[in-house]
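work.cif, holding mmCIF, C-alpha atoms and all ligand atoms:
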```
data_structure
#
loop_
_atom_site.label_atom_id
_atom_site.label_comp_id
_atom_site.auth_asym_id
_atom_site.auth_seq_id
_atom_site.Cartn_x
_atom_site.Cartn_y
_atom_site.Cartn_z
CA MET N 1 0.00 0.00 0.00
CA LEU N 2 1.16 3.56 -0.64
CA SER N 3 2.98 5.27 2.20
CA ASN N 4 1.62 8.75 1.49
CA ALA N 5 -1.85 8.13 2.90
CA PRO N 6 -3.12 11.71 2.90
CA ASN N 7 -5.32 11.14 5.86
CA SER N 8 -2.45 9.98 8.04
CA ASP N 9 0.33 12.43 7.29
CA PRO N 10 -0.08 15.35 4.90
CA LYS N 11 3.67 15.98 4.85
CA ALA N 12 4.58 12.40 3.88
CA LYS N 13 6.90 12.08 0.91
CA ALA N 14 5.38 11.77 -2.53
CA PRO N 15 5.73 8.34 -4.15
CA THR N 16 8.53 7.93 -6.66
CA LEU N 17 7.61 9.01 -10.16
CA ILE N 18 6.88 6.25 -12.62
CA LEU N 19 8.92 7.31 -15.62
CA LYS N 20 8.65 4.12 -17.64
CA SER N 21 5.69 2.08 -18.65
CA ASP N 22 4.90 -0.85 -20.91
CA ALA N 23 1.85 1.03 -22.16
CA ASP N 24 2.30 1.74 -25.84
CA LYS N 25 3.60 5.10 -26.97
CA SER N 26 0.45 6.34 -28.70
CA LEU N 27 -1.61 5.64 -25.59
CA GLN N 28 0.88 7.48 -23.42
CA LEU N 29 0.78 10.51 -25.71
CA ASP N 30 -2.98 10.40 -25.75
CA LEU N 31 -3.08 10.41 -21.94
CA TYR N 32 -1.01 13.59 -21.93
CA ARG N 33 -3.22 15.34 -24.48
CA LYS N 34 -6.36 14.31 -22.59
CA MET N 35 -5.07 15.69 -19.31
CA CYS N 36 -4.16 18.99 -21.00
CA LEU N 37 -7.66 19.17 -22.44
CA PHE N 38 -9.28 18.44 -19.05
CA ARG N 39 -7.16 21.13 -17.35
CA ARG N 40 -7.73 23.79 -20.00
CA PHE N 41 -11.42 22.97 -20.28
CA GLU N 42 -11.95 23.37 -16.53
CA GLU N 43 -9.97 26.62 -16.48
CA LYS N 44 -12.27 27.92 -19.21
CA VAL N 45 -15.31 26.78 -17.20
CA GLY N 46 -14.03 28.65 -14.13
CA LEU N 47 -13.56 31.82 -16.18
CA ALA N 48 -16.98 31.49 -17.83
CA TYR N 49 -18.50 31.25 -14.37
CA THR N 50 -16.82 34.43 -13.19
CA LYS N 51 -18.05 36.13 -16.37
CA ARG N 52 -21.55 35.00 -15.28
CA LYS N 53 -22.15 32.91 -18.36
CA PHE N 54 -23.87 30.48 -16.01
CA SER N 55 -24.77 30.25 -12.36
CA GLY N 56 -25.54 27.67 -9.69
CA PHE N 57 -22.95 25.24 -8.37
CA CYS N 58 -19.71 24.57 -10.21
CA HIS N 59 -17.07 22.13 -8.96
CA LEU N 60 -13.82 21.99 -10.91
CA HIS N 61 -11.62 18.92 -11.30
CA ILE N 62 -8.31 20.78 -11.69
CA GLY N 63 -5.45 18.75 -10.18
CA GLN N 64 -7.36 15.45 -10.40
CA GLU N 65 -6.95 14.86 -14.15
CA ALA N 66 -4.75 11.75 -13.94
CA LEU N 67 -7.37 9.56 -12.35
CA CYS N 68 -10.03 10.42 -14.90
CA ALA N 69 -7.67 9.92 -17.86
CA GLY N 70 -6.04 6.74 -16.52
CA VAL N 71 -9.30 5.01 -15.62
CA GLN N 72 -10.95 5.84 -18.91
CA ALA N 73 -8.02 4.42 -20.89
CA ALA N 74 -8.28 1.18 -18.92
CA ILE N 75 -11.98 0.50 -19.53
CA LYS N 76 -14.13 -0.21 -22.60
CA ASP N 77 -16.67 2.07 -24.27
CA THR N 78 -19.43 -0.31 -23.19
CA ASP N 79 -18.56 0.02 -19.49
CA TYR N 80 -20.62 2.39 -17.37
CA ILE N 81 -19.49 5.43 -15.41
CA PHE N 82 -21.28 6.92 -12.41
CA SER N 83 -19.95 10.01 -10.73
CA GLY N 84 -20.66 12.73 -8.20
CA TYR N 85 -20.95 16.40 -9.03
CA ARG N 86 -17.27 16.99 -9.90
CA SER N 87 -17.76 15.36 -13.24
CA HIS N 88 -17.32 17.68 -16.26
CA THR N 89 -14.08 16.04 -17.30
CA GLN N 90 -15.34 12.53 -16.61
CA ALA N 91 -18.15 13.22 -19.08
CA ILE N 92 -15.60 14.32 -21.69
CA ALA N 93 -13.44 11.29 -20.94
CA LYS N 94 -16.44 9.05 -21.62
CA GLY N 95 -16.79 10.50 -25.11
CA ILE N 96 -19.20 13.40 -24.70
CA LYS N 97 -17.95 16.34 -26.77
CA PRO N 98 -16.43 19.26 -24.80
CA GLY N 99 -18.85 21.63 -26.58
CA GLN N 100 -21.84 19.58 -25.41
CA VAL N 101 -20.55 19.66 -21.83
CA MET N 102 -19.93 23.42 -21.97
CA ALA N 103 -23.36 24.02 -23.55
CA GLU N 104 -24.92 21.95 -20.76
CA LEU N 105 -23.23 24.18 -18.20
CA PHE N 106 -24.58 27.26 -19.96
CA GLY N 107 -28.13 25.80 -19.98
CA LYS N 108 -28.19 25.70 -23.79
CA ALA N 109 -30.17 23.48 -26.17
CA ASP N 110 -27.05 21.74 -27.50
CA GLY N 111 -26.04 20.63 -24.03
CA ILE N 112 -25.87 16.89 -23.46
CA CYS N 113 -29.12 17.12 -21.44
CA ARG N 114 -30.52 20.03 -23.46
CA GLY N 115 -29.35 22.38 -20.72
CA LYS N 116 -31.54 20.86 -18.02
CA GLY N 117 -28.92 18.97 -16.04
CA GLY N 118 -26.29 21.65 -15.64
CA SER N 119 -22.95 21.25 -13.93
CA MET N 120 -23.91 18.55 -11.45
CA HIS N 121 -26.22 16.42 -13.57
CA MET N 122 -24.60 15.58 -16.88
CA PHE N 123 -26.04 12.35 -18.22
CA SER N 124 -25.92 10.36 -21.44
CA ALA N 125 -27.32 6.85 -21.69
CA GLU N 126 -25.82 6.64 -25.19
CA HIS N 127 -22.32 7.13 -23.77
CA ARG N 128 -23.12 5.02 -20.71
CA PHE N 129 -22.35 8.05 -18.62
CA MET N 130 -24.91 7.65 -15.85
CA GLY N 131 -24.46 11.04 -14.15
CA GLY N 132 -23.50 13.49 -12.48
CA HIS N 133 -25.15 13.22 -8.99
CA GLY N 134 -25.51 16.14 -6.59
CA ILE N 135 -26.37 14.07 -3.54
CA VAL N 136 -23.15 12.93 -1.89
CA GLY N 137 -23.05 9.13 -2.18
CA GLY N 138 -26.35 8.99 -4.10
CA GLN N 139 -24.72 7.30 -7.10
CA LEU N 140 -23.39 4.31 -5.17
CA PRO N 141 -26.59 2.25 -4.86
CA LEU N 142 -27.52 3.15 -8.47
CA ALA N 143 -24.19 1.79 -9.66
CA ALA N 144 -24.89 -1.44 -7.77
CA GLY N 145 -28.22 -1.64 -9.60
CA VAL N 146 -26.60 -1.37 -13.03
CA GLY N 147 -23.96 -3.88 -11.94
CA PHE N 148 -26.72 -6.24 -10.90
CA ALA N 149 -28.35 -5.90 -14.35
CA ILE N 150 -25.01 -6.70 -16.03
CA ARG N 151 -24.72 -9.84 -13.99
CA TYR N 152 -28.34 -10.83 -14.52
CA GLU N 153 -27.99 -10.43 -18.28
CA GLU N 154 -24.62 -12.20 -18.27
CA LYS N 155 -22.82 -9.31 -19.96
CA ASP N 156 -19.11 -8.68 -19.91
CA ASP N 157 -19.28 -5.01 -18.91
CA ILE N 158 -18.33 -3.45 -15.63
CA VAL N 159 -19.42 -0.32 -13.79
CA VAL N 160 -17.03 2.33 -12.52
CA CYS N 161 -18.45 4.45 -9.73
CA TYR N 162 -16.49 7.50 -8.56
CA MET N 163 -17.08 9.18 -5.22
CA GLY N 164 -15.32 11.73 -3.05
CA ASP N 165 -13.61 10.83 0.23
CA ALA N 166 -16.46 12.34 2.25
CA ALA N 167 -18.97 10.05 0.53
CA THR N 168 -17.43 7.09 2.36
CA ASN N 169 -19.08 8.36 5.54
CA GLN N 170 -22.56 8.22 4.04
CA GLY N 171 -25.01 5.44 4.85
CA ALA N 172 -25.53 4.79 1.13
CA PHE N 173 -21.83 3.89 0.81
CA HIS N 174 -22.12 1.07 3.36
CA GLU N 175 -25.44 -0.24 2.06
CA ALA N 176 -24.25 -0.31 -1.54
CA LEU N 177 -20.89 -1.94 -0.79
CA ASN N 178 -22.46 -4.57 1.40
CA MET N 179 -24.93 -5.47 -1.33
CA ALA N 180 -22.31 -5.43 -4.09
CA ALA N 181 -20.06 -7.75 -2.08
CA THR N 182 -22.87 -10.08 -1.05
CA TRP N 183 -24.22 -10.51 -4.57
CA ASP N 184 -20.90 -10.35 -6.47
CA ILE N 185 -21.77 -7.26 -8.47
CA PRO N 186 -19.02 -6.03 -10.84
CA VAL N 187 -18.64 -2.41 -9.70
CA LEU N 188 -15.28 -0.72 -9.33
CA TYR N 189 -15.93 1.80 -6.57
CA ILE N 190 -13.29 4.52 -6.75
CA ILE N 191 -12.70 6.94 -3.89
CA GLU N 192 -11.21 10.17 -5.23
CA ASN N 193 -9.46 11.03 -2.00
CA ASN N 194 -8.52 14.68 -2.39
CA ARG N 195 -8.22 14.95 1.40
CA TYR N 196 -11.13 17.32 1.96
CA GLY N 197 -14.90 17.28 1.96
CA MET N 198 -16.41 20.69 1.42
CA GLY N 199 -13.80 22.22 3.71
CA THR N 200 -13.17 19.58 6.34
CA ASP N 201 -9.96 17.61 6.49
CA ILE N 202 -10.74 13.90 6.14
CA ARG N 203 -8.75 13.24 9.32
CA ARG N 204 -11.45 15.07 11.26
CA THR N 205 -14.28 12.95 9.87
CA SER N 206 -12.83 9.48 9.46
CA SER N 207 -11.39 7.21 12.14
CA ILE N 208 -9.16 5.28 9.74
CA ASP N 209 -5.91 6.30 8.02
CA HIS N 210 -6.63 4.55 4.70
CA LEU N 211 -10.13 4.69 3.27
CA TRP N 212 -9.68 1.36 1.43
CA LYS N 213 -9.94 -0.26 4.87
CA ARG N 214 -13.69 0.22 4.65
CA ALA N 215 -13.71 -2.71 2.20
CA LEU N 216 -12.57 -5.05 4.97
CA SER N 217 -16.03 -4.82 6.56
CA TYR N 218 -17.52 -6.43 3.48
CA ASP N 219 -14.69 -8.83 2.66
CA MET N 220 -14.40 -6.92 -0.60
CA ASP N 221 -11.25 -6.67 -2.74
CA TYR N 222 -9.43 -3.37 -2.26
CA SER N 223 -6.36 -1.42 -3.31
CA ASP N 224 -4.95 2.06 -3.53
CA VAL N 225 -3.17 3.96 -6.25
CA ASP N 226 -1.31 7.22 -6.70
CA GLY N 227 -4.10 9.13 -8.41
CA MET N 228 -1.69 11.94 -9.40
CA ASN N 229 0.20 9.55 -11.67
CA VAL N 230 -1.62 8.68 -14.86
CA LEU N 231 0.58 5.73 -15.83
CA ALA N 232 0.36 4.16 -12.38
CA THR N 233 -3.41 4.61 -12.48
CA TYR N 234 -3.79 3.21 -15.98
CA GLU N 235 -1.68 0.15 -15.26
CA HIS N 236 -3.32 -0.56 -11.93
CA VAL N 237 -6.90 -0.15 -13.18
CA THR N 238 -6.20 -2.27 -16.26
CA LYS N 239 -5.27 -5.18 -14.00
CA LEU N 240 -8.30 -4.63 -11.79
CA VAL N 241 -10.84 -4.54 -14.57
CA ASN N 242 -9.37 -7.58 -16.30
CA LYS N 243 -9.86 -9.51 -13.09
CA MET N 244 -13.33 -8.11 -12.51
CA ARG N 245 -14.54 -9.15 -15.96
CA ASP N 246 -13.62 -12.68 -15.00
CA ASP N 247 -14.74 -12.98 -11.41
CA LYS N 248 -17.56 -10.37 -11.48
CA LYS N 249 -16.61 -9.23 -8.00
CA PRO N 250 -16.69 -5.61 -6.81
CA HIS N 251 -13.56 -3.74 -5.81
CA LEU N 252 -12.90 -0.66 -3.67
CA MET N 253 -9.98 1.44 -4.93
CA GLU N 254 -8.70 4.49 -3.09
CA ALA N 255 -7.00 6.99 -5.39
CA LEU N 256 -4.84 9.55 -3.63
CA THR N 257 -5.30 12.86 -5.35
CA TYR N 258 -5.61 16.57 -4.72
CA ARG N 259 -7.78 19.41 -5.92
CA TYR N 260 -6.11 22.74 -6.57
CA ARG N 261 -9.17 24.96 -6.57
CA GLY N 262 -11.80 25.43 -3.89
CA HIS N 263 -14.50 22.89 -3.26
CA SER N 264 -16.76 24.91 -5.53
CA VAL N 265 -16.14 28.25 -7.17
CA SER N 266 -17.35 30.10 -4.07
CA ASP N 267 -14.83 28.55 -1.63
CA PRO N 268 -12.15 30.85 -0.14
CA GLY N 269 -10.14 27.77 0.96
CA THR N 270 -9.28 28.95 4.49
CA TYR N 271 -9.05 25.35 5.81
CA ARG N 272 -5.69 24.59 4.16
CA THR N 273 -2.40 26.36 3.72
CA LYS N 274 -1.19 27.94 0.51
CA SER N 275 2.07 26.01 0.81
CA GLU N 276 0.20 22.68 0.84
CA VAL N 277 -1.48 23.53 -2.45
CA GLU N 278 1.80 24.77 -3.90
CA GLU N 279 3.60 21.60 -2.87
CA TYR N 280 1.20 19.52 -4.98
CA GLN N 281 1.32 21.95 -7.88
CA LYS N 282 5.12 22.06 -7.90
CA ASN N 283 6.04 18.45 -7.18
CA ARG N 284 3.04 16.23 -7.80
CA ASP N 285 1.18 17.82 -10.69
CA PRO N 286 -0.18 15.02 -12.91
CA ILE N 287 0.51 16.78 -16.21
CA MET N 288 4.03 17.78 -15.19
CA GLN N 289 4.78 14.23 -13.96
CA HIS N 290 3.54 12.60 -17.13
CA GLY N 291 5.35 15.13 -19.32
CA LYS N 292 8.58 14.12 -17.57
CA ALA N 293 7.80 10.45 -18.18
CA LEU N 294 7.24 11.07 -21.89
CA VAL N 295 10.46 13.04 -22.28
CA SER N 296 12.52 10.54 -20.29
CA GLN N 297 11.27 7.67 -22.45
CA GLY N 298 12.12 9.63 -25.58
CA TYR N 299 8.44 9.71 -26.58
CA ALA N 300 8.14 13.50 -26.78
CA THR N 301 10.11 16.72 -26.70
CA GLU N 302 9.40 19.76 -24.54
CA ALA N 303 8.32 21.60 -27.69
CA GLU N 304 5.76 18.91 -28.48
CA LEU N 305 4.36 19.03 -24.94
CA LYS N 306 3.88 22.78 -25.34
CA ALA N 307 2.19 22.36 -28.72
CA TRP N 308 -0.29 19.81 -27.33
CA ASP N 309 -1.12 22.12 -24.47
CA LYS N 310 -1.74 24.90 -26.97
CA SER N 311 -4.14 22.66 -28.91
CA ALA N 312 -5.95 21.88 -25.66
CA LYS N 313 -6.41 25.60 -25.03
CA GLU N 314 -7.83 25.99 -28.51
CA ALA N 315 -10.22 23.07 -28.00
CA ALA N 316 -11.47 24.62 -24.76
CA LYS N 317 -11.97 27.94 -26.55
CA GLU N 318 -13.92 26.20 -29.31
CA ALA N 319 -16.12 24.46 -26.74
CA GLU N 320 -16.95 27.82 -25.21
CA LYS N 321 -17.73 29.32 -28.62
CA PHE N 322 -20.01 26.39 -29.43
CA ALA N 323 -21.84 26.89 -26.11
CA ASP N 324 -22.06 30.67 -26.59
CA GLU N 325 -23.62 30.24 -30.03
CA SER N 326 -26.07 27.51 -29.02
CA PRO N 327 -29.62 28.79 -28.40
CA PHE N 328 -31.50 28.41 -25.14
CA PRO N 329 -34.10 25.63 -25.35
CA PRO N 330 -37.61 26.92 -26.20
CA ILE N 331 -39.91 27.59 -23.27
CA SER N 332 -42.38 25.13 -24.79
CA GLU N 333 -40.15 22.23 -23.76
CA ALA N 334 -39.59 23.40 -20.18
CA LEU N 335 -41.57 20.48 -18.77
CA ASP N 336 -40.25 17.83 -21.18
CA HIS N 337 -37.77 15.23 -19.95
CA ASN N 338 -38.61 16.01 -16.33
CA LEU N 339 -40.19 13.77 -13.74
CA VAL N 340 -43.42 15.78 -13.58
CA PRO N 341 -46.82 14.06 -13.38
C1 LIG R 401 -26.31 13.93 1.16
C2 LIG R 401 -25.57 15.22 1.02
N1 LIG R 401 -25.10 15.82 2.14
C3 LIG R 401 -24.43 17.00 2.04
C4 LIG R 401 -24.24 17.59 0.80
C5 LIG R 401 -23.47 18.90 0.70
N2 LIG R 401 -22.15 18.61 0.17
C6 LIG R 401 -21.89 18.80 -1.14
S1 LIG R 401 -20.35 18.37 -1.51
C7 LIG R 401 -19.96 17.91 0.04
C8 LIG R 401 -18.59 17.39 0.38
C9 LIG R 401 -18.23 16.16 -0.36
O1 LIG R 401 -16.83 15.96 -0.36
P1 LIG R 401 -16.16 14.73 -1.08
O2 LIG R 401 -17.08 13.57 -1.06
O3 LIG R 401 -14.83 14.54 -0.45
O4 LIG R 401 -16.02 15.18 -2.60
P2 LIG R 401 -15.12 16.35 -3.24
O5 LIG R 401 -15.98 17.57 -3.24
O6 LIG R 401 -13.90 16.49 -2.41
O7 LIG R 401 -14.85 15.91 -4.63
C10 LIG R 401 -21.06 18.12 0.86
C11 LIG R 401 -21.06 17.82 2.30
C12 LIG R 401 -24.79 16.93 -0.33
N3 LIG R 401 -24.65 17.42 -1.55
N4 LIG R 401 -25.41 15.72 -0.19
MG MG R 402 -12.98 15.20 -1.13
#
```

In structure tokens, what does this structure look like?
Ligand SMILES: Cc1ncc(C[n+]2csc(CCOP(=O)(O)OP(=O)(O)O)c2C)c(N)n1
Ligand SMILES: [Mg+2]
Amino acid sequence: MLSNAPNSDPKAKAPTLILKSDADKSLQLDLYRKMCLFRRFEEKVGLAYTKRKFSGFCHLHIGQEALCAGVQAAIKDTDYIFSGYRSHTQAIAKGIKPGQVMAELFGKADGICRGKGGSMHMFSAEHRFMGGHGIVGGQLPLAAGVGFAIRYEEKDDIVVCYMGDAATNQGAFHEALNMAATWDIPVLYIIENNRYGMGTDIRRTSSIDHLWKRALSYDMDYSDVDGMNVLATYEHVTKLVNKMRDDKKPHLMEALTYRYRGHSVSDPGTYRTKSEVEEYQKNRDPIMQHGKALVSQGYATEAELKAWDKSAKEAAKEAEKFADESPFPPISEALDHNLVP
């Protein structure tokens, strides 16, 4: 298990960088480009929010890109993703176009839910992206339900269900994991442990030092991974899902990660020090780490890394333009697609 459990010692040393991987070169390059896109997209979203292009809640994923990119590369298109409310980039990773995600944020007709889901409730059955859930832990039992259907229909797919660290203290977490373990339901439950709930250090709300220990209560398989390292994540999750497709058993994976921005856009961040944030940005940043890995393997030059980042900025700009130009949905469809009697 990793020694840098964030909930036991925030000053613990970062794990050694993985600078070599058996993953093929084109995949490794793709992971870099994806993370650049996720970062630049979320920066654009943050700016659009401050320009009041949309309102309501908005939770950015900046700093946590490696997990999203690494997991997505390890699963198949037919697998399902469930997530919480910090899910813009997970929707893009699952194949939804950045413009459709941005238009959804802006409440526009070309949004993936025709502007009715917004930041916290992206959804696309076609992409098997099952939300976007605003209720902390609400997605966990739903993921068990889809996993049950997969098993019942004897399919080969698996379900990936992301949650934040604070969600592990919810009743729904325990009920869902107990059921998944009892019935052998193929759900990979992933804790995105970014060390804080809304503003509370996980050490103040959890009695254990490693959140994967929760799996012991259900005799469920468990592991942890350095969620700031995309190659480590990709390699680890690939092994997990290969096993899960065979044995159909659930797994609880704790990914150690960190968010750079506030909990939501309205968070002044007074519960942590500036130097803690800077330490992650300087020494653990997922894009920086992976860039180093690519250069050290001779897969890319510094100039190429810069060019890919530039393309990511352009893609984020295009997504915003698409959303700006999309019309608002007509008032006549205000009650369509809603659960109204
Ligand atoms: C059932 C429920 N309780 C409280 C909230 C308010 N709330 C929104 S986010 C949040 C903290 C969740 O933190 P975590 O699970 O660690 O996810 P992160 O924001 O760090 O990604 C809380 C308490 C909610 N949305 N749902
Ligand atoms: Mg958290």

For N:Asp309, which of N:Met35, N:Leu211, N:Leu27, N:Ala74 is the closest residue, counting all atoms listed in the file?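 For N:Asp309, the nearest of the candidates is N:Met35.
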
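Within the 9 Å cut-off around N:Trp308, using only C-alpha atoms and omitting residues fewer than 4 positions from it on the same chain, the listed residues are Tyr32, Arg33, Cys36, Leu37, Ala303, Glu304, Ala312 and Lys313 of chain N.
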
Residues of chain N at most 6 Å from ligand LIG 401 (chain R): nearest atom pair and distance in Å, only C-alpha atoms and all ligand atoms, as a tab-separated table:
```
residue	atom	partner	partner_atom	distance
N:Arg86	CA	R:LIG401	O7	5.9
N:Gly134	CA	R:LIG401	N3	5.3
N:Ile135	CA	R:LIG401	N4	3.9
N:Val136	CA	R:LIG401	N4	4.0
N:Gly164	CA	R:LIG401	O2	3.2
N:Asp165	CA	R:LIG401	O3	4.0
N:Ala166	CA	R:LIG401	O2	3.6
N:Ala167	CA	R:LIG401	O2	4.3
N:Asn194	CA	R:LIG401	O6	5.7
N:Tyr196	CA	R:LIG401	O3	5.2
N:Gly197	CA	R:LIG401	O1	3.3
N:Met198	CA	R:LIG401	C8	4.1
N:His263	CA	R:LIG401	O5	5.5
```

At a cut-off of 8 Å from (-3.3, 4.2, -4.7) in the coordinates of the file, what residues are picked up using all atoms listed in the file, written as a PyMOL selection string? chain N and resi 1-2+223-227+233+253-256

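Checking N:Ala66, N:Ile150, N:Ile191, N:Leu47 one by one against ligand MG 402 (chain R), counting all atoms listed in the file, you find the shortest gap at N:Ile191.
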
Could you list, as an MDAnalysis selection string, every residue within 12 Å of N:Asn242, counting all atoms listed in the file and ignoring same-chain residues fewer than 3 positions away? chainID N and resid 74:76 156:158 186 188 235:239 245:249 251

Find the residue from N:Gly95, N:Gly84, N:Gly171, N:Gly70 that sits nearest to ligand MG 402 (chain R); use only C-alpha atoms and all ligand atoms when measuring.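 Checking each candidate against ligand MG 402 (chain R), we get N:Gly84 as the closest.
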
At what distance in Å, to one decimal, does atom CA of N:Gln139 lie from atom CA of N:Ala215? 17.5 Å
